[in-house]
Amino acid sequence: MKTATVLIVAIISQAIGNVYLTKAMKAVRAAGAGDDLMASALHAVGNPTLWLGTALLIVFFALYSAALSWADLSFVLPATAFGYVLNVAAGHYFLNESVTPARWAGSAIITLGVFLVSRSGARTIPRAELL
Amino acid sequence: MMTAAMIAIVVLGGSAGDVFITKGMKQIGEISTMHLGKLARVALKVLTNVNFLIGIFFMACSFFAFLAVLSWADLSFVLPATSLSFVITTIGAKFVLKEEISRVRLAGTALVCLGVALISLP
């Protein structure tokens with residue numbers, strides 16, 4: 001239950017973080033700095049949406065690492081792959097990206113895979129044998 | 001050839017990073033406190049754990065190799081190829097971290113790998 005809660009919050013933070021990052025970077029481009037790398041970087045650093053996105057990705061990584069303090073890597077890694085599905089959905093609904101049939105099919109296959117992994121228990125090595 | 005070598009660094013670096021980070025986090029032990037002060041102390045322990053830092057280093061190598069390979073190869077080729085990391089990381093988890101990979105978990109991981117490859121196609 002704890003593992004599920006932590007990982008769900010983690011992947012939601014990641015999906016929202018990626019949406020904000022995309023919005024921020026598109027705004028940087030729209031600001032017309034063009035090919036001037038330095039000007040683009042300055043625009044990016046001054047964009048609060050970019051910081052918000054980055055903060056959410058840090059939240060994701062902290063929660064991901066925390067889950068690894070008690071759960072198997074071979075459980076946590078495929079389980080967080082559900083984030084790909086959220087990212088596709090978020091890109092579709094919030095950023096109006098078009099999603100190809102192959103992407104929806106991939107999302108369905110990932111969902112099935114994550115369901116199977118979640119049936120396999122979060123930890124297989126007893127605490128005494130931990131490194 | 002160069003592209004294959006770089007993708008190998010992306011995949012192996014990412015997997016090695018995950019394995020070392022897990023090793024470090026297991027040394028820290030289960031985090032179960034919600035107390036802010038205690039969490040800050042745990043964070044300090046994590047950020048000074050050698051295995052965790054080696055893991056971050058590998059992940060950084062993987063990320064920079066990813067950026068480098070994108071400078072000449074198509075994202076639509078590179079991204080599906082990196083879905084291999086699910087398989088490589090699972091092998092690392094089994095042999096380095098001694099995790100038990102049941103059939104159900106293996107099947108689920110294979111599906112995730114396939115699905116991620118499909119999503120990454122253009």
# chains A, B, ... in the order shown; residues from 1 in each chain; ligands from 1
>>> residues_around(residues="stretch 86-100 of chain A", least_positions_apart="2", cutoff="8 Å", atoms="only C-alpha atoms", output="JSON, numbers by chain")
{"A": [11, 12, 15, 16, 18, 19, 23, 82, 83, 84, 102, 103, 104, 107]}
>>> interface_residues(of="chain B", to="chain A", cutoff="8 Å", atoms="only C-alpha atoms", output="mmCIF file with N, CA and C atoms, in the first residue's frame")
data_model
loop_
_atom_site.group_PDB
_atom_site.id
_atom_site.type_symbol
_atom_site.label_atom_id
_atom_site.label_comp_id
_atom_site.auth_asym_id
_atom_site.auth_seq_id
_atom_site.Cartn_x
_atom_site.Cartn_y
_atom_site.Cartn_z
ATOM 1 N N ASP B 18 20.762 2.721 -12.012
ATOM 2 C CA ASP B 18 19.633 2.238 -11.218
ATOM 3 C C ASP B 18 20.085 1.211 -10.182
ATOM 4 N N VAL B 19 20.995 0.303 -10.598
ATOM 5 C CA VAL B 19 21.456 -0.745 -9.681
ATOM 6 C C VAL B 19 22.227 -0.122 -8.507
ATOM 7 N N ILE B 21 22.025 3.005 -7.393
ATOM 8 C CA ILE B 21 21.117 3.806 -6.567
ATOM 9 C C ILE B 21 20.328 2.898 -5.627
ATOM 10 N N THR B 22 19.881 1.753 -6.164
ATOM 11 C CA THR B 22 19.150 0.801 -5.321
ATOM 12 C C THR B 22 20.040 0.285 -4.201
ATOM 13 N N LYS B 23 21.308 -0.054 -4.535
ATOM 14 C CA LYS B 23 22.257 -0.529 -3.532
ATOM 15 C C LYS B 23 22.411 0.493 -2.416
ATOM 16 N N MET B 25 20.331 2.960 -1.605
ATOM 17 C CA MET B 25 19.091 3.165 -0.856
ATOM 18 C C MET B 25 18.825 2.004 0.095
ATOM 19 N N LYS B 26 19.230 0.785 -0.295
ATOM 20 C CA LYS B 26 19.051 -0.362 0.590
ATOM 21 C C LYS B 26 19.995 -0.251 1.797
ATOM 22 N N GLN B 27 21.187 0.357 1.565
ATOM 23 C CA GLN B 27 22.106 0.586 2.693
ATOM 24 C C GLN B 27 21.517 1.597 3.666
ATOM 25 N N ILE B 28 20.842 2.616 3.129
ATOM 26 C CA ILE B 28 20.206 3.625 3.984
ATOM 27 C C ILE B 28 19.119 2.968 4.835
ATOM 28 N N GLY B 29 18.421 2.014 4.230
ATOM 29 C CA GLY B 29 17.349 1.325 4.942
ATOM 30 C C GLY B 29 16.002 1.954 4.670
ATOM 31 N N GLU B 30 14.950 1.207 5.016
ATOM 32 C CA GLU B 30 13.593 1.639 4.693
ATOM 33 C C GLU B 30 13.267 3.009 5.283
ATOM 34 N N ILE B 31 12.817 3.909 4.406
ATOM 35 C CA ILE B 31 12.406 5.235 4.853
ATOM 36 C C ILE B 31 10.928 5.157 5.227
ATOM 37 N N PHE B 86 14.935 -1.736 -19.755
ATOM 38 C CA PHE B 86 14.075 -2.468 -18.811
ATOM 39 C C PHE B 86 14.576 -3.895 -18.630
ATOM 40 N N THR B 89 18.235 -3.773 -16.911
ATOM 41 C CA THR B 89 18.146 -3.452 -15.488
ATOM 42 C C THR B 89 17.608 -4.646 -14.691
ATOM 43 N N THR B 90 16.634 -5.351 -15.278
ATOM 44 C CA THR B 90 16.081 -6.518 -14.586
ATOM 45 C C THR B 90 17.147 -7.599 -14.415
ATOM 46 N N ALA B 93 19.296 -6.461 -11.632
ATOM 47 C CA ALA B 93 18.609 -6.630 -10.342
ATOM 48 C C ALA B 93 18.712 -8.083 -9.888
ATOM 49 N N LYS B 94 18.624 -9.011 -10.844
ATOM 50 C CA LYS B 94 18.675 -10.432 -10.486
ATOM 51 C C LYS B 94 20.078 -10.855 -10.045
ATOM 52 N N LEU B 97 21.777 -7.547 -7.438
ATOM 53 C CA LEU B 97 21.018 -7.257 -6.218
ATOM 54 C C LEU B 97 20.332 -8.495 -5.649
ATOM 55 N N LYS B 98 20.454 -9.629 -6.372
ATOM 56 C CA LYS B 98 19.896 -10.917 -5.926
ATOM 57 C C LYS B 98 18.378 -10.872 -5.736
ATOM 58 N N GLU B 99 17.703 -10.054 -6.539
ATOM 59 C CA GLU B 99 16.250 -10.045 -6.458
ATOM 60 C C GLU B 99 15.695 -11.259 -7.189
ATOM 61 N N GLU B 100 14.550 -11.736 -6.716
ATOM 62 C CA GLU B 100 13.926 -12.882 -7.375
ATOM 63 C C GLU B 100 12.983 -12.389 -8.457
ATOM 64 N N ILE B 101 13.212 -12.829 -9.685
ATOM 65 C CA ILE B 101 12.327 -12.401 -10.766
ATOM 66 C C ILE B 101 11.373 -13.557 -11.066
ATOM 67 N N SER B 102 10.150 -13.452 -10.576
ATOM 68 C CA SER B 102 9.179 -14.512 -10.839
ATOM 69 C C SER B 102 8.749 -14.445 -12.302
ATOM 70 N N VAL B 104 5.776 -14.123 -13.469
ATOM 71 C CA VAL B 104 4.787 -13.061 -13.660
ATOM 72 C C VAL B 104 5.496 -11.716 -13.832
ATOM 73 N N ARG B 105 6.506 -11.473 -12.977
ATOM 74 C CA ARG B 105 7.221 -10.196 -13.061
ATOM 75 C C ARG B 105 7.980 -10.094 -14.378
ATOM 76 N N LEU B 106 8.589 -11.221 -14.795
ATOM 77 C CA LEU B 106 9.343 -11.233 -16.050
ATOM 78 C C LEU B 106 8.412 -10.944 -17.232
ATOM 79 N N ALA B 107 7.243 -11.592 -17.232
ATOM 80 C CA ALA B 107 6.279 -11.385 -18.319
ATOM 81 C C ALA B 107 5.826 -9.925 -18.337
ATOM 82 N N GLY B 108 5.522 -9.385 -17.155
ATOM 83 C CA GLY B 108 5.086 -7.990 -17.070
ATOM 84 C C GLY B 108 6.151 -7.044 -17.583
ATOM 85 N N THR B 109 7.420 -7.306 -17.192
ATOM 86 C CA THR B 109 8.522 -6.433 -17.615
ATOM 87 C C THR B 109 8.700 -6.490 -19.135
ATOM 88 N N ALA B 110 8.565 -7.700 -19.711
ATOM 89 C CA ALA B 110 8.690 -7.839 -21.170
ATOM 90 C C ALA B 110 7.601 -7.040 -21.875
ATOM 91 N N LEU B 111 6.370 -7.082 -21.338
ATOM 92 C CA LEU B 111 5.269 -6.310 -21.937
ATOM 93 C C LEU B 111 5.548 -4.812 -21.843
ATOM 94 N N VAL B 112 6.055 -4.378 -20.666
ATOM 95 C CA VAL B 112 6.371 -2.959 -20.486
ATOM 96 C C VAL B 112 7.402 -2.523 -21.529
ATOM 97 N N CYS B 113 8.438 -3.354 -21.705
ATOM 98 C CA CYS B 113 9.508 -3.063 -22.670
ATOM 99 C C CYS B 113 8.926 -2.908 -24.079
ATOM 100 N N LEU B 114 8.063 -3.844 -24.458
ATOM 101 C CA LEU B 114 7.427 -3.802 -25.775
ATOM 102 C C LEU B 114 6.553 -2.551 -25.912
ATOM 103 N N GLY B 115 5.767 -2.272 -24.879
ATOM 104 C CA GLY B 115 4.873 -1.110 -24.922
ATOM 105 C C GLY B 115 5.641 0.196 -25.030
ATOM 106 N N VAL B 116 6.752 0.304 -24.272
ATOM 107 C CA VAL B 116 7.551 1.528 -24.314
ATOM 108 C C VAL B 116 8.161 1.716 -25.701
ATOM 109 N N ALA B 117 8.617 0.600 -26.309
ATOM 110 C CA ALA B 117 9.163 0.682 -27.667
ATOM 111 C C ALA B 117 8.094 1.184 -28.634
ATOM 112 N N LEU B 118 6.874 0.667 -28.506
ATOM 113 C CA LEU B 118 5.767 1.076 -29.389
ATOM 114 C C LEU B 118 5.447 2.564 -29.229
ATOM 115 N N ILE B 119 5.390 3.019 -27.962
ATOM 116 C CA ILE B 119 5.069 4.420 -27.677
ATOM 117 C C ILE B 119 6.123 5.350 -28.266
ATOM 118 N N SER B 120 7.400 4.883 -28.257
ATOM 119 C CA SER B 120 8.490 5.759 -28.673
ATOM 120 C C SER B 120 8.615 5.877 -30.182
ATOM 121 N N LEU B 121 7.919 4.993 -30.910
ATOM 122 C CA LEU B 121 7.980 5.090 -32.374
ATOM 123 C C LEU B 121 7.312 6.393 -32.837
#
>>> atom_distance(atom1="atom CA of B:Leu75", atom2="atom CA of B:Gly55")
24.8 Å
>>> select_by_dssp(residues="chain A", states="alpha helix (DSSP H)", output="PyMOL selection string")
chain A and resi 2-30+37-45+48-68+73-80+82-94+101-118
>>> residues_around(residues="A:Gly17", least_positions_apart="3", cutoff="9 Å", atoms="only C-alpha atoms", output="ChimeraX atom specification")
/A:12-14,20-22,50,52-57,60
>>> write_last_selection(atoms="C-alpha atoms", output="PDB file, in the first residue's frame")
ATOM      1  CA  ILE A  12       1.744  11.907 -11.280  1.00  0.00           C
ATOM      2  CA  SER A  13       4.457  14.446 -10.322  1.00  0.00           C
ATOM      3  CA  GLN A  14       6.542  13.248 -13.253  1.00  0.00           C
ATOM      4  CA  TYR A  20       5.131  22.106 -17.419  1.00  0.00           C
ATOM      5  CA  LEU A  21       8.624  21.578 -18.875  1.00  0.00           C
ATOM      6  CA  THR A  22       7.176  21.208 -22.367  1.00  0.00           C
ATOM      7  CA  LEU A  50      10.337  25.698 -16.054  1.00  0.00           C
ATOM      8  CA  LEU A  52       7.904  24.342 -11.400  1.00  0.00           C
ATOM      9  CA  GLY A  53       8.423  21.478 -13.870  1.00  0.00           C
ATOM     10  CA  THR A  54      11.957  20.863 -12.621  1.00  0.00           C
ATOM     11  CA  ALA A  55      10.784  20.873  -8.977  1.00  0.00           C
ATOM     12  CA  LEU A  56       8.122  18.272  -9.795  1.00  0.00           C
ATOM     13  CA  LEU A  57      10.729  16.067 -11.497  1.00  0.00           C
ATOM     14  CA  PHE A  60       9.558  12.269  -8.682  1.00  0.00           C
TER      15      PHE A  60
END
>>> atom_distance(atom1="atom CA of B:Gly92", atom2="atom CA of B:Met59")
14.9 Å
>>> closest_residue(among="B:Ile7, B:Met34, B:Ile91, B:Val50", to="B:Asp74", atoms="only C-alpha atoms")
B:Ile7
>>> atom_distance(atom1="atom CA of A:Ile8", atom2="atom CA of A:Thr80")
8.1 Å
